[in-house]
file final.pdb (PDB, C-alpha atoms and all ligand atoms)
ATOM      1  CA  MET A   8      80.608  90.934 101.212
ATOM      2  CA  SER A   9      77.461  91.958 103.059
ATOM      3  CA  LYS A  10      76.335  95.560 102.853
ATOM      4  CA  LEU A  11      78.404  97.840 105.085
ATOM      5  CA  PRO A  12      76.631  99.877 107.784
ATOM      6  CA  GLY A  13      76.298 103.619 107.248
ATOM      7  CA  ILE A  14      77.364 104.513 110.808
ATOM      8  CA  GLN A  15      80.915 105.589 111.590
ATOM      9  CA  MET A  16      82.297 102.816 113.807
ATOM     10  CA  ASP A  17      85.105 104.846 115.329
ATOM     11  CA  GLY A  18      86.656 104.494 118.781
ATOM     12  CA  ARG A  19      83.974 106.638 120.369
ATOM     13  CA  TRP A  20      81.157 104.473 118.956
ATOM     14  CA  ILE A  21      82.996 101.232 119.819
ATOM     15  CA  ARG A  22      83.547 102.400 123.434
ATOM     16  CA  SER A  23      79.937 103.511 123.717
ATOM     17  CA  MET A  24      78.793  99.925 123.036
ATOM     18  CA  ARG A  25      80.815  98.451 125.911
ATOM     19  CA  GLY A  26      79.565  97.074 129.201
ATOM     20  CA  GLU A  27      81.400  97.370 132.519
ATOM     21  CA  LYS A  28      85.018  96.328 133.030
ATOM     22  CA  SER A  29      85.769  93.488 135.448
ATOM     23  CA  PRO A  30      87.381  94.567 138.723
ATOM     24  CA  VAL A  31      91.158  93.967 138.612
ATOM     25  CA  ASP A  32      94.094  94.317 141.018
ATOM     26  CA  PRO A  33      97.270  95.861 139.518
ATOM     27  CA  TYR A  34      99.378  93.471 141.606
ATOM     28  CA  LEU A  35      97.586  90.325 140.402
ATOM     29  CA  PRO A  36      97.490  88.826 136.904
ATOM     30  CA  TYR A  37      93.944  88.218 135.729
ATOM     31  CA  GLY A  38      94.786  84.734 134.473
ATOM     32  CA  TRP A  39      97.492  82.122 134.016
ATOM     33  CA  PHE A  40      97.617  78.653 132.517
ATOM     34  CA  ASN A  41      99.921  75.943 131.246
ATOM     35  CA  GLU A  42      99.608  74.497 127.770
ATOM     36  CA  GLN A  43     101.633  72.558 125.261
ATOM     37  CA  GLU A  44     102.593  73.986 121.910
ATOM     38  CA  ARG A  45     104.624  72.922 118.931
ATOM     39  CA  SER A  46     107.698  75.135 118.834
ATOM     40  CA  LEU A  47     109.744  76.468 115.955
ATOM     41  CA  GLY A  48     112.363  73.761 116.524
ATOM     42  CA  GLY A  49     109.734  71.085 115.836
ATOM     43  CA  GLU A  50     109.333  69.685 119.340
ATOM     44  CA  VAL A  51     106.279  70.012 121.603
ATOM     45  CA  SER A  52     107.108  72.409 124.433
ATOM     46  CA  ASP A  53     105.577  73.163 127.818
ATOM     47  CA  VAL A  54     104.314  76.715 127.957
ATOM     48  CA  SER A  55     103.415  78.971 130.870
ATOM     49  CA  ALA A  56     101.079  81.799 129.919
ATOM     50  CA  ILE A  57     100.327  84.812 132.112
ATOM     51  CA  LEU A  58      97.511  87.277 131.447
ATOM     52  CA  LEU A  59      98.946  90.476 132.888
ATOM     53  CA  THR A  60      96.766  93.199 134.326
ATOM     54  CA  ASN A  61      97.732  96.629 132.990
ATOM     55  CA  ARG A  62      96.462  99.824 131.411
ATOM     56  CA  GLU A  63      93.906  99.565 128.645
ATOM     57  CA  CYS A  64      95.252  99.514 125.084
ATOM     58  CA  PRO A  65      94.947 102.950 123.398
ATOM     59  CA  PHE A  66      93.530 101.386 120.222
ATOM     60  CA  ASN A  67      89.850 100.509 120.252
ATOM     61  CA  CYS A  68      89.562  97.731 117.735
ATOM     62  CA  LEU A  69      86.060  96.778 116.691
ATOM     63  CA  MET A  70      86.474  93.109 117.616
ATOM     64  CA  CYS A  71      88.530  93.504 120.798
ATOM     65  CA  ASP A  72      87.285  92.468 124.227
ATOM     66  CA  LEU A  73      90.633  92.670 126.027
ATOM     67  CA  TRP A  74      89.731  96.001 127.661
ATOM     68  CA  LYS A  75      87.501  94.053 130.070
ATOM     69  CA  HIS A  76      90.409  93.141 132.360
ATOM     70  CA  THR A  77      92.423  96.356 132.237
ATOM     71  CA  THR A  78      92.998  99.448 134.377
ATOM     72  CA  ASP A  79      92.292 103.000 133.239
ATOM     73  CA  GLU A  80      95.672 104.289 134.405
ATOM     74  CA  THR A  81      99.264 103.090 134.067
ATOM     75  CA  ILE A  82     100.043 100.664 136.876
ATOM     76  CA  PRO A  83     102.891 101.295 139.346
ATOM     77  CA  VAL A  84     106.483 100.300 138.593
ATOM     78  CA  GLY A  85     107.039  96.860 140.141
ATOM     79  CA  ALA A  86     103.450  95.666 139.687
ATOM     80  CA  ILE A  87     104.160  93.567 136.551
ATOM     81  CA  PRO A  88     107.105  91.722 138.167
ATOM     82  CA  ALA A  89     104.874  91.132 141.227
ATOM     83  CA  GLN A  90     102.192  89.644 138.971
ATOM     84  CA  MET A  91     104.746  87.371 137.343
ATOM     85  CA  GLU A  92     106.053  86.151 140.710
ATOM     86  CA  PHE A  93     102.482  85.437 141.801
ATOM     87  CA  ALA A  94     101.746  83.449 138.632
ATOM     88  CA  PHE A  95     104.987  81.445 138.778
ATOM     89  CA  GLU A  96     103.971  80.195 142.237
ATOM     90  CA  LYS A  97     100.852  78.679 140.651
ATOM     91  CA  LEU A  98     102.226  77.510 137.295
ATOM     92  CA  SER A  99     103.989  74.248 136.494
ATOM     93  CA  PRO A 100     107.554  74.366 135.194
ATOM     94  CA  ALA A 101     107.821  75.157 131.472
ATOM     95  CA  THR A 102     110.426  76.046 128.856
ATOM     96  CA  HIS A 103     108.346  78.669 127.016
ATOM     97  CA  LEU A 104     106.708  81.770 128.465
ATOM     98  CA  LYS A 105     103.873  83.859 127.036
ATOM     99  CA  LEU A 106     103.209  87.277 128.531
ATOM    100  CA  PHE A 107      99.870  88.571 127.274
ATOM    101  CA  ASN A 108      99.065  92.097 128.409
ATOM    102  CA  SER A 109      95.758  92.837 126.632
ATOM    103  CA  GLY A 110      97.523  95.340 124.413
ATOM    104  CA  SER A 111     101.112  96.072 123.458
ATOM    105  CA  PHE A 112     103.970  94.955 125.669
ATOM    106  CA  PHE A 113     106.087  97.794 124.248
ATOM    107  CA  ASP A 114     103.507 100.497 124.986
ATOM    108  CA  PRO A 115     105.361 102.386 127.767
ATOM    109  CA  LYS A 116     102.022 103.336 129.345
ATOM    110  CA  ALA A 117     101.166  99.623 129.587
ATOM    111  CA  ILE A 118     104.431  98.101 130.827
ATOM    112  CA  PRO A 119     106.679 100.675 132.523
ATOM    113  CA  LEU A 120     110.142 100.752 130.928
ATOM    114  CA  GLU A 121     111.660 100.613 134.431
ATOM    115  CA  ASP A 122     110.258  97.067 134.764
ATOM    116  CA  TYR A 123     111.943  95.576 131.685
ATOM    117  CA  LYS A 124     115.086  94.459 133.558
ATOM    118  CA  GLN A 125     113.169  92.689 136.289
ATOM    119  CA  ILE A 126     110.760  91.101 133.803
ATOM    120  CA  ALA A 127     113.760  89.805 131.840
ATOM    121  CA  SER A 128     115.390  88.501 134.991
ATOM    122  CA  LEU A 129     112.182  86.706 136.061
ATOM    123  CA  SER A 130     112.042  85.164 132.561
ATOM    124  CA  SER A 131     115.657  84.010 132.607
ATOM    125  CA  THR A 132     114.889  80.276 132.890
ATOM    126  CA  PHE A 133     112.736  80.255 129.741
ATOM    127  CA  GLU A 134     114.103  79.386 126.304
ATOM    128  CA  ASN A 135     111.475  81.481 124.563
ATOM    129  CA  VAL A 136     109.463  84.527 125.678
ATOM    130  CA  LEU A 137     106.484  85.619 123.608
ATOM    131  CA  VAL A 138     104.958  89.070 123.985
ATOM    132  CA  GLU A 139     102.345  90.837 121.865
ATOM    133  CA  SER A 140     102.471  94.291 120.299
ATOM    134  CA  HIS A 141     100.728  96.597 117.873
ATOM    135  CA  THR A 142     103.073  97.627 115.056
ATOM    136  CA  ALA A 143     102.992 101.231 116.331
ATOM    137  CA  PHE A 144     105.146 100.181 119.314
ATOM    138  CA  ILE A 145     107.645  98.018 117.453
ATOM    139  CA  GLY A 146     111.086  99.592 117.302
ATOM    140  CA  GLU A 147     114.385  99.961 119.178
ATOM    141  CA  GLN A 148     112.747  99.208 122.549
ATOM    142  CA  CYS A 149     112.067  95.616 121.341
ATOM    143  CA  LEU A 150     115.739  95.138 120.579
ATOM    144  CA  GLU A 151     116.685  96.566 123.957
ATOM    145  CA  PHE A 152     114.352  94.134 125.738
ATOM    146  CA  ASP A 153     115.592  91.274 123.545
ATOM    147  CA  ARG A 154     119.155  91.987 124.652
ATOM    148  CA  MET A 155     118.093  91.715 128.306
ATOM    149  CA  LEU A 156     116.573  88.265 127.811
ATOM    150  CA  ASN A 157     118.398  85.015 128.339
ATOM    151  CA  GLY A 158     116.154  83.191 125.866
ATOM    152  CA  GLN A 159     114.683  84.086 122.488
ATOM    153  CA  LEU A 160     112.133  86.868 122.113
ATOM    154  CA  GLU A 161     109.096  86.082 119.954
ATOM    155  CA  MET A 162     106.666  88.806 118.946
ATOM    156  CA  ALA A 163     102.982  88.265 118.252
ATOM    157  CA  ILE A 164     101.372  90.926 116.064
ATOM    158  CA  GLY A 165      97.695  91.207 115.153
ATOM    159  CA  LEU A 166      97.472  91.145 111.364
ATOM    160  CA  GLU A 167      93.741  90.464 111.788
ATOM    161  CA  THR A 168      92.755  90.364 108.092
ATOM    162  CA  VAL A 169      94.109  91.394 104.714
ATOM    163  CA  HIS A 170      90.609  92.284 103.505
ATOM    164  CA  PRO A 171      91.197  95.993 102.770
ATOM    165  CA  GLU A 172      87.730  97.321 103.633
ATOM    166  CA  VAL A 173      87.306  95.130 106.695
ATOM    167  CA  LEU A 174      90.781  95.959 108.031
ATOM    168  CA  SER A 175      90.069  99.678 107.772
ATOM    169  CA  ARG A 176      86.720  99.213 109.558
ATOM    170  CA  LEU A 177      88.340  97.309 112.427
ATOM    171  CA  ASN A 178      89.709 100.663 113.654
ATOM    172  CA  LYS A 179      93.095  99.007 114.165
ATOM    173  CA  GLY A 180      95.133 101.971 112.963
ATOM    174  CA  MET A 181      97.477  99.651 111.091
ATOM    175  CA  SER A 182      98.125  99.096 107.392
ATOM    176  CA  LEU A 183      99.416  95.967 105.705
ATOM    177  CA  GLU A 184     102.570  97.936 104.918
ATOM    178  CA  ASN A 185     103.042  98.646 108.669
ATOM    179  CA  PHE A 186     102.725  94.926 109.357
ATOM    180  CA  LYS A 187     105.194  93.970 106.644
ATOM    181  CA  LYS A 188     107.747  96.557 107.811
ATOM    182  CA  SER A 189     107.502  95.463 111.447
ATOM    183  CA  VAL A 190     107.954  91.792 110.602
ATOM    184  CA  GLY A 191     110.941  92.684 108.377
ATOM    185  CA  PHE A 192     112.492  94.827 111.123
ATOM    186  CA  LEU A 193     112.129  92.093 113.746
ATOM    187  CA  GLN A 194     113.300  89.379 111.387
ATOM    188  CA  SER A 195     116.426  91.325 110.422
ATOM    189  CA  ASN A 196     117.193  91.567 114.130
ATOM    190  CA  GLY A 197     116.784  87.851 114.766
ATOM    191  CA  ILE A 198     113.396  88.105 116.497
ATOM    192  CA  SER A 199     110.779  85.583 115.414
ATOM    193  CA  THR A 200     107.198  86.653 114.787
ATOM    194  CA  ARG A 201     103.718  85.209 114.753
ATOM    195  CA  ALA A 202     100.589  86.737 113.263
ATOM    196  CA  PHE A 203      97.175  86.736 114.878
ATOM    197  CA  ILE A 204      94.601  86.206 112.145
ATOM    198  CA  LEU A 205      90.865  86.614 112.599
ATOM    199  CA  LEU A 206      88.464  84.016 111.314
ATOM    200  CA  ARG A 207      85.307  85.705 110.071
ATOM    201  CA  PRO A 208      85.555  89.312 111.238
ATOM    202  CA  PRO A 209      82.386  91.398 110.779
ATOM    203  CA  PHE A 210      80.937  92.096 107.322
ATOM    204  CA  LEU A 211      81.999  88.722 105.872
ATOM    205  CA  ASP A 212      79.863  85.644 105.360
ATOM    206  CA  GLU A 213      81.161  82.185 106.219
ATOM    207  CA  ALA A 214      82.686  81.460 102.793
ATOM    208  CA  GLU A 215      84.352  84.890 102.672
ATOM    209  CA  GLY A 216      85.573  84.391 106.235
ATOM    210  CA  LEU A 217      87.326  81.198 105.135
ATOM    211  CA  GLU A 218      88.758  82.746 101.986
ATOM    212  CA  TRP A 219      90.124  85.852 103.712
ATOM    213  CA  ALA A 220      91.608  83.904 106.630
ATOM    214  CA  CYS A 221      93.534  81.793 104.087
ATOM    215  CA  LEU A 222      94.631  84.897 102.157
ATOM    216  CA  SER A 223      95.753  86.472 105.430
ATOM    217  CA  ILE A 224      97.873  83.394 106.237
ATOM    218  CA  ASP A 225      99.433  83.663 102.750
ATOM    219  CA  PHE A 226     100.254  87.325 103.321
ATOM    220  CA  ALA A 227     101.685  86.754 106.802
ATOM    221  CA  PHE A 228     104.038  84.017 105.584
ATOM    222  CA  ALA A 229     105.011  86.116 102.548
ATOM    223  CA  CYS A 230     106.021  88.864 105.017
ATOM    224  CA  GLY A 231     108.237  86.353 106.834
ATOM    225  CA  VAL A 232     106.320  85.376 109.984
ATOM    226  CA  ASP A 233     107.267  82.069 111.578
ATOM    227  CA  ALA A 234     103.775  81.209 112.826
ATOM    228  CA  CYS A 235     100.115  82.137 112.396
ATOM    229  CA  SER A 236      97.451  81.800 115.095
ATOM    230  CA  VAL A 237      93.909  81.713 113.739
ATOM    231  CA  ILE A 238      91.362  83.207 116.109
ATOM    232  CA  PRO A 239      87.643  82.659 115.541
ATOM    233  CA  VAL A 240      85.929  85.993 116.237
ATOM    234  CA  ARG A 241      83.647  85.984 119.294
ATOM    235  CA  SER A 242      80.897  88.418 120.171
ATOM    236  CA  GLY A 243      80.574  89.796 123.702
ATOM    237  CA  ASN A 244      82.364  93.143 123.526
ATOM    238  CA  GLY A 245      79.251  95.224 122.868
ATOM    239  CA  ALA A 246      80.185  96.468 119.391
ATOM    240  CA  LEU A 247      80.092  93.006 117.821
ATOM    241  CA  ASP A 248      76.824  92.207 119.590
ATOM    242  CA  LYS A 249      75.286  95.319 118.071
ATOM    243  CA  LEU A 250      76.625  94.384 114.621
ATOM    244  CA  ALA A 251      75.291  90.834 115.094
ATOM    245  CA  LEU A 252      71.828  92.232 115.881
ATOM    246  CA  ASP A 253      71.947  94.154 112.631
ATOM    247  CA  ALA A 254      73.184  91.050 110.723
ATOM    248  CA  TYR A 255      76.636  92.479 110.002
ATOM    249  CA  PHE A 256      78.373  89.843 112.105
ATOM    250  CA  GLN A 257      78.027  86.172 112.913
ATOM    251  CA  GLU A 258      80.476  83.918 114.743
ATOM    252  CA  PRO A 259      82.234  81.382 112.501
ATOM    253  CA  SER A 260      81.674  77.646 112.642
ATOM    254  CA  ILE A 261      84.177  75.090 113.925
ATOM    255  CA  HIS A 262      83.987  73.475 110.473
ATOM    256  CA  THR A 263      85.452  76.629 108.926
ATOM    257  CA  LEU A 264      88.227  76.707 111.501
ATOM    258  CA  GLU A 265      89.085  73.147 110.479
ATOM    259  CA  ARG A 266      89.176  74.171 106.796
ATOM    260  CA  VAL A 267      91.553  77.068 107.571
ATOM    261  CA  MET A 268      93.823  74.748 109.548
ATOM    262  CA  GLU A 269      93.851  72.209 106.714
ATOM    263  CA  TYR A 270      94.858  74.994 104.330
ATOM    264  CA  GLY A 271      97.512  76.538 106.556
ATOM    265  CA  ILE A 272      99.175  73.246 107.445
ATOM    266  CA  ARG A 273      99.221  72.100 103.828
ATOM    267  CA  LEU A 274     101.274  75.200 102.947
ATOM    268  CA  GLN A 275     104.188  74.009 105.123
ATOM    269  CA  LYS A 276     105.453  77.600 105.273
ATOM    270  CA  GLY A 277     105.552  77.794 109.061
ATOM    271  CA  LEU A 278     103.548  76.892 112.144
ATOM    272  CA  VAL A 279      99.767  77.341 112.037
ATOM    273  CA  PHE A 280      97.685  77.192 115.184
ATOM    274  CA  ALA A 281      93.957  77.254 115.821
ATOM    275  CA  ASP A 282      92.918  79.136 118.938
ATOM    276  CA  LEU A 283      90.904  76.592 120.923
ATOM    277  CA  TRP A 284      89.756  78.937 123.690
ATOM    278  CA  ASP A 285      86.017  78.727 124.296
ATOM    279  CA  LEU A 286      85.754  76.478 121.246
ATOM    280  CA  ASP A 287      82.370  74.916 122.045
ATOM    281  CA  ARG A 288      80.572  78.154 121.172
ATOM    282  CA  PHE A 289      81.504  77.583 117.508
ATOM    283  CA  SER A 290      79.883  74.143 117.345
ATOM    284  CA  THR A 291      76.210  73.272 117.150
ATOM    285  CA  CYS A 292      76.633  69.478 117.259
ATOM    286  CA  GLU A 293      77.143  67.706 120.574
ATOM    287  CA  GLN A 294      77.958  64.450 118.838
ATOM    288  CA  CYS A 295      81.108  65.524 117.033
ATOM    289  CA  PHE A 296      82.335  68.540 119.006
ATOM    290  CA  GLU A 297      84.838  66.651 121.181
ATOM    291  CA  SER A 298      86.269  64.800 118.154
ATOM    292  CA  ARG A 299      86.632  68.044 116.225
ATOM    293  CA  LYS A 300      88.310  69.732 119.167
ATOM    294  CA  GLU A 301      90.724  66.795 119.477
ATOM    295  CA  ARG A 302      91.395  66.943 115.735
ATOM    296  CA  LEU A 303      92.311  70.640 115.945
ATOM    297  CA  LYS A 304      94.449  69.988 119.025
ATOM    298  CA  GLN A 305      96.353  67.254 117.185
ATOM    299  CA  MET A 306      96.825  69.483 114.138
ATOM    300  CA  ASN A 307      98.185  72.223 116.424
ATOM    301  CA  LEU A 308     100.658  69.829 118.035
ATOM    302  CA  THR A 309     101.758  67.772 115.029
ATOM    303  CA  GLN A 310     101.373  70.375 112.246
ATOM    304  CA  GLU A 311     100.144  67.519 110.106
ATOM    305  CA  HIS A 312      96.830  66.793 108.469
ATOM    306  CA  VAL A 313      94.523  64.744 110.697
ATOM    307  CA  LYS A 314      91.711  62.658 109.209
ATOM    308  CA  PRO A 315      88.424  64.639 109.123
ATOM    309  CA  VAL A 316      85.665  63.781 111.605
ATOM    310  CA  GLU A 317      82.635  62.056 110.103
ATOM    311  CA  CYS A 318      79.271  63.166 111.422
ATOM    312  CA  SER A 319      75.831  63.625 109.932
ATOM    313  CA  CYS A 320      75.888  67.323 110.893
TER     314      CYS A 320
HETATM  315  S1  LIG B   1      95.487  96.624 119.291
HETATM  316 FE1  LIG B   1      95.014  94.591 120.131
HETATM  317  S2  LIG B   1      94.612  94.922 122.305
HETATM  318 FE2  LIG B   1      94.555  96.929 121.305
HETATM  319  S3  LIG B   1      92.378  97.250 120.901
HETATM  320 FE3  LIG B   1      93.293  96.340 119.045
HETATM  321  S4  LIG B   1      93.007  94.114 119.285
HETATM  322 FE4  LIG B   1      92.648  95.061 121.295
HETATM  323 ZN    ZN B   2      78.304  66.593 114.240
END

call {"tool": "encode", "arguments": {"input": "final.pdb", "output": "structure tokens"}}
result
Amino acid sequence: MSKLPGIQMDGRWIRSMRGEKSPVDPYLPYGWFNEQERSLGGEVSDVSAILLTNRECPFNCLMCDLWKHTTDETIPVGAIPAQMEFAFEKLSPATHLKLFNSGSFFDPKAIPLEDYKQIASLSSTFENVLVESHTAFIGEQCLEFDRMLNGQLEMAIGLETVHPEVLSRLNKGMSLENFKKSVGFLQSNGISTRAFILLRPPFLDEAEGLEWACLSIDFAFACGVDACSVIPVRSGNGALDKLALDAYFQEPSIHTLERVMEYGIRLQKGLVFADLWDLDRFSTCEQCFESRKERLKQMNLTQEHVKPVECSC
């Protein structure tokens, strides 16, 4: 592990490194897209994903850039359902829905409780509805929302990393015990879970990034998650750019993401996905990038090993 910086990287410092937020409209989602994803049943499903505009997450994690598309205040009751209706007009039909809200769906200051019923009703044609939440907001309210849904609720939780020193420096306000308890609680109530795992958070070199991503997958499956999504860490939120300048952070390579996927899929303990968003920034070779991207896409969809790409890089 590289030397740790002497400065206290608390929420105040992390916020002080930020640039401006993007302008957002509380009645419009800030993004939406369709994708395909392997589902727990083993088939490839059509997914609609909506990036909901809402109040900024109260945690200020060191690696997070989701604050960029958020409001400072809680948005009005009815705004989230309006955003969903807007997105459904644009999206193709799908069986699975992902509602990403740049924070915790079950944070009442993010998604007003009064909107749950309408959100559930707008989601009634979907077999599966995935939302994300910090462990601090996981409790009875999840079960209440689950009961309102026609389909299955799936919860995505940021495990980030099991590296003890790095996890504490991420300012996440979550322990591994919190994660384990939340997954156990959801599992005992029939709600499936997926873990978000960071590939090469700050303070780790490339080899350590690989090792700790694999250890984090092991831990997540041991806790009982059904799926792991591996997210290569990107700079651009201010704090990480500052750490990169001081050599405490470097973005991982696509090669390492491939190694983590090979490891996770070989385990056959559950689904393992590589986050392919903005993937080209992790490659330095124009000759093999498209083949590597296709390889990762195939591994995501088939959950099987795909022959490695040969390239002189
Ligand atoms: S809990 Fe999630 S959304 Fe909130 S700051 Fe941390 S990473 Fe970002
Ligand atoms: Zn190459």

call {"tool": "residues_near_ligand", "arguments": {"input": "final.pdb", "ligand": "ligand ZN 2 (chain B)", "cutoff": "12 Å", "atoms": "only C-alpha atoms and all ligand atoms", "output": "mmCIF file with C-alpha atoms, keeping the file's coordinate frame"}}
result
data_model
loop_
_atom_site.group_PDB
_atom_site.id
_atom_site.type_symbol
_atom_site.label_atom_id
_atom_site.label_comp_id
_atom_site.auth_asym_id
_atom_site.auth_seq_id
_atom_site.Cartn_x
_atom_site.Cartn_y
_atom_site.Cartn_z
ATOM 1 C CA SER A 260 81.674 77.646 112.642
ATOM 2 C CA ILE A 261 84.177 75.090 113.925
ATOM 3 C CA HIS A 262 83.987 73.475 110.473
ATOM 4 C CA PHE A 289 81.504 77.583 117.508
ATOM 5 C CA SER A 290 79.883 74.143 117.345
ATOM 6 C CA THR A 291 76.210 73.272 117.150
ATOM 7 C CA CYS A 292 76.633 69.478 117.259
ATOM 8 C CA GLU A 293 77.143 67.706 120.574
ATOM 9 C CA GLN A 294 77.958 64.450 118.838
ATOM 10 C CA CYS A 295 81.108 65.524 117.033
ATOM 11 C CA PHE A 296 82.335 68.540 119.006
ATOM 12 C CA GLU A 297 84.838 66.651 121.181
ATOM 13 C CA SER A 298 86.269 64.800 118.154
ATOM 14 C CA ARG A 299 86.632 68.044 116.225
ATOM 15 C CA LYS A 300 88.310 69.732 119.167
ATOM 16 C CA PRO A 315 88.424 64.639 109.123
ATOM 17 C CA VAL A 316 85.665 63.781 111.605
ATOM 18 C CA GLU A 317 82.635 62.056 110.103
ATOM 19 C CA CYS A 318 79.271 63.166 111.422
ATOM 20 C CA SER A 319 75.831 63.625 109.932
ATOM 21 C CA CYS A 320 75.888 67.323 110.893
#

call {"tool": "residues_near_ligand", "arguments": {"input": "final.pdb", "ligand": "ligand LIG 1 (chain B)", "cutoff": "7 Å", "atoms": "all atoms listed in the file", "output": "list in words"}}
result
Cys64, Pro65, Phe66, Asn67, Cys68, Met70, Cys71, Asp72, Leu73, Ser109, Gly110, Ser111, His141, Gly165 and Lys179 of chain A

call {"tool": "write_last_selection", "arguments": {"input": "final.pdb", "atoms": "C-alpha atoms", "output": "short mmCIF file (atom, residue, chain, number, x, y, z; two decimals), in the coordinates of the input"}}
result
data_model
loop_
_atom_site.label_atom_id
_atom_site.label_comp_id
_atom_site.auth_asym_id
_atom_site.auth_seq_id
_atom_site.Cartn_x
_atom_site.Cartn_y
_atom_site.Cartn_z
CA CYS A 64 95.25 99.51 125.08
CA PRO A 65 94.95 102.95 123.40
CA PHE A 66 93.53 101.39 120.22
CA ASN A 67 89.85 100.51 120.25
CA CYS A 68 89.56 97.73 117.74
CA MET A 70 86.47 93.11 117.62
CA CYS A 71 88.53 93.50 120.80
CA ASP A 72 87.28 92.47 124.23
CA LEU A 73 90.63 92.67 126.03
CA SER A 109 95.76 92.84 126.63
CA GLY A 110 97.52 95.34 124.41
CA SER A 111 101.11 96.07 123.46
CA HIS A 141 100.73 96.60 117.87
CA GLY A 165 97.70 91.21 115.15
CA LYS A 179 93.10 99.01 114.16
#

call {"tool": "residues_around", "arguments": {"input": "final.pdb", "residues": "Asn178 of chain A", "least_positions_apart": "4", "cutoff": "12 Å", "atoms": "only C-alpha atoms", "output": "PyMOL selection string"}}
result
chain A and resi 15-22+65-71+167+171-174+182+246

call {"tool": "resolve_selection", "arguments": {"input": "final.pdb", "expression": "the PyMOL selection byres (((chain A and resi 275) around 12) and not hetatm)", "output": "list of chain:residue names"}}
result
A:Ile224, A:Asp225, A:Phe228, A:Asp233, A:Ala234, A:Cys235, A:Met268, A:Glu269, A:Tyr270, A:Gly271, A:Ile272, A:Arg273, A:Leu274, A:Lys276, A:Gly277, A:Leu278, A:Val279, A:Thr309, A:Gln310, A:Glu311, A:His312

call {"tool": "atom_distance", "arguments": {"input": "final.pdb", "atom1": "atom CA of Thr132 of chain A", "atom2": "atom CA of Leu308 of chain A"}}
result
23.1 Å

call {"tool": "resolve_selection", "arguments": {"input": "final.pdb", "expression": "the PyMOL selection byres (((chain A and resi 161) around 12) and not hetatm)", "output": "PyMOL selection string"}}
result
chain A and resi 46-47+103-106+112+133-140+149-150+152-153+156+158-160+162-164+190+193-194+196-202+232-234

call {"tool": "resolve_selection", "arguments": {"input": "final.pdb", "expression": "the PyMOL selection byres (((chain A and resi 100) around 8) and not hetatm)", "output": "NGL selection string"}}
result
:A and (53 or 55 or 98-99 or 101-102)

call {"tool": "residues_around", "arguments": {"input": "final.pdb", "residues": "segment 121-124 of chain A", "least_positions_apart": "3", "cutoff": "7 Å", "atoms": "all atoms listed in the file", "output": "ChimeraX atom specification"}}
result
/A:84-85,127-128,152,155

call {"tool": "residues_around", "arguments": {"input": "final.pdb", "residues": "Glu218 of chain A", "least_positions_apart": "5", "cutoff": "10 Å", "atoms": "all atoms listed in the file", "output": "ChimeraX atom specification"}}
result
/A:170,206-207,211-213,223,263,266-267

call {"tool": "closest_residue", "arguments": {"input": "final.pdb", "among": "A:Pro33, A:Gly38, A:Pro119, A:Gly191", "to": "Ala227 of chain A", "atoms": "all atoms listed in the file"}}
result
A:Gly191

call {"tool": "closest_residue", "arguments": {"input": "final.pdb", "among": "A:Val51, A:Arg176, A:Lys314, A:Ser242", "to": "Ile14 of chain A", "atoms": "all atoms listed in the file"}}
result
A:Arg176

call {"tool": "residues_around", "arguments": {"input": "final.pdb", "residues": "Met91 of chain A", "least_positions_apart": "5", "cutoff": "8 Å", "atoms": "all atoms listed in the file", "output": "mmCIF file with C-alpha atoms, in the coordinates of the input"}}
result
data_model
loop_
_atom_site.group_PDB
_atom_site.id
_atom_site.type_symbol
_atom_site.label_atom_id
_atom_site.label_comp_id
_atom_site.auth_asym_id
_atom_site.auth_seq_id
_atom_site.Cartn_x
_atom_site.Cartn_y
_atom_site.Cartn_z
ATOM 1 C CA PRO A 36 97.490 88.826 136.904
ATOM 2 C CA ILE A 57 100.327 84.812 132.112
ATOM 3 C CA LEU A 59 98.946 90.476 132.888
ATOM 4 C CA ILE A 126 110.760 91.101 133.803
ATOM 5 C CA LEU A 129 112.182 86.706 136.061
#

call {"tool": "closest_residue", "arguments": {"input": "final.pdb", "among": "A:Gln90, A:Ser52, A:Asn307, A:Ser236", "to": "Tyr34 of chain A", "atoms": "all atoms listed in the file"}}
result
A:Gln90

call {"tool": "residues_around", "arguments": {"input": "final.pdb", "residues": "Asn185 of chain A", "least_positions_apart": "2", "cutoff": "10 Å", "atoms": "all atoms listed in the file", "output": "mmCIF file with C-alpha atoms, in the coordinates of the input"}}
result
data_model
loop_
_atom_site.group_PDB
_atom_site.id
_atom_site.type_symbol
_atom_site.label_atom_id
_atom_site.label_comp_id
_atom_site.auth_asym_id
_atom_site.auth_seq_id
_atom_site.Cartn_x
_atom_site.Cartn_y
_atom_site.Cartn_z
ATOM 1 C CA HIS A 141 100.728 96.597 117.873
ATOM 2 C CA THR A 142 103.073 97.627 115.056
ATOM 3 C CA ALA A 143 102.992 101.231 116.331
ATOM 4 C CA ILE A 145 107.645 98.018 117.453
ATOM 5 C CA LEU A 166 97.472 91.145 111.364
ATOM 6 C CA GLY A 180 95.133 101.971 112.963
ATOM 7 C CA MET A 181 97.477 99.651 111.091
ATOM 8 C CA SER A 182 98.125 99.096 107.392
ATOM 9 C CA LEU A 183 99.416 95.967 105.705
ATOM 10 C CA LYS A 187 105.194 93.970 106.644
ATOM 11 C CA LYS A 188 107.747 96.557 107.811
ATOM 12 C CA SER A 189 107.502 95.463 111.447
ATOM 13 C CA VAL A 190 107.954 91.792 110.602
ATOM 14 C CA GLY A 191 110.941 92.684 108.377
#

call {"tool": "closest_residue", "arguments": {"input": "final.pdb", "among": "A:Glu301, A:Ser131, A:Gln125, A:Asp114", "to": "Val313 of chain A", "atoms": "all atoms listed in the file"}}
result
A:Glu301

call {"tool": "atom_distance", "arguments": {"input": "final.pdb", "atom1": "atom CA of Glu151 of chain A", "atom2": "atom CA of Trp39 of chain A"}}
result
26.0 Å
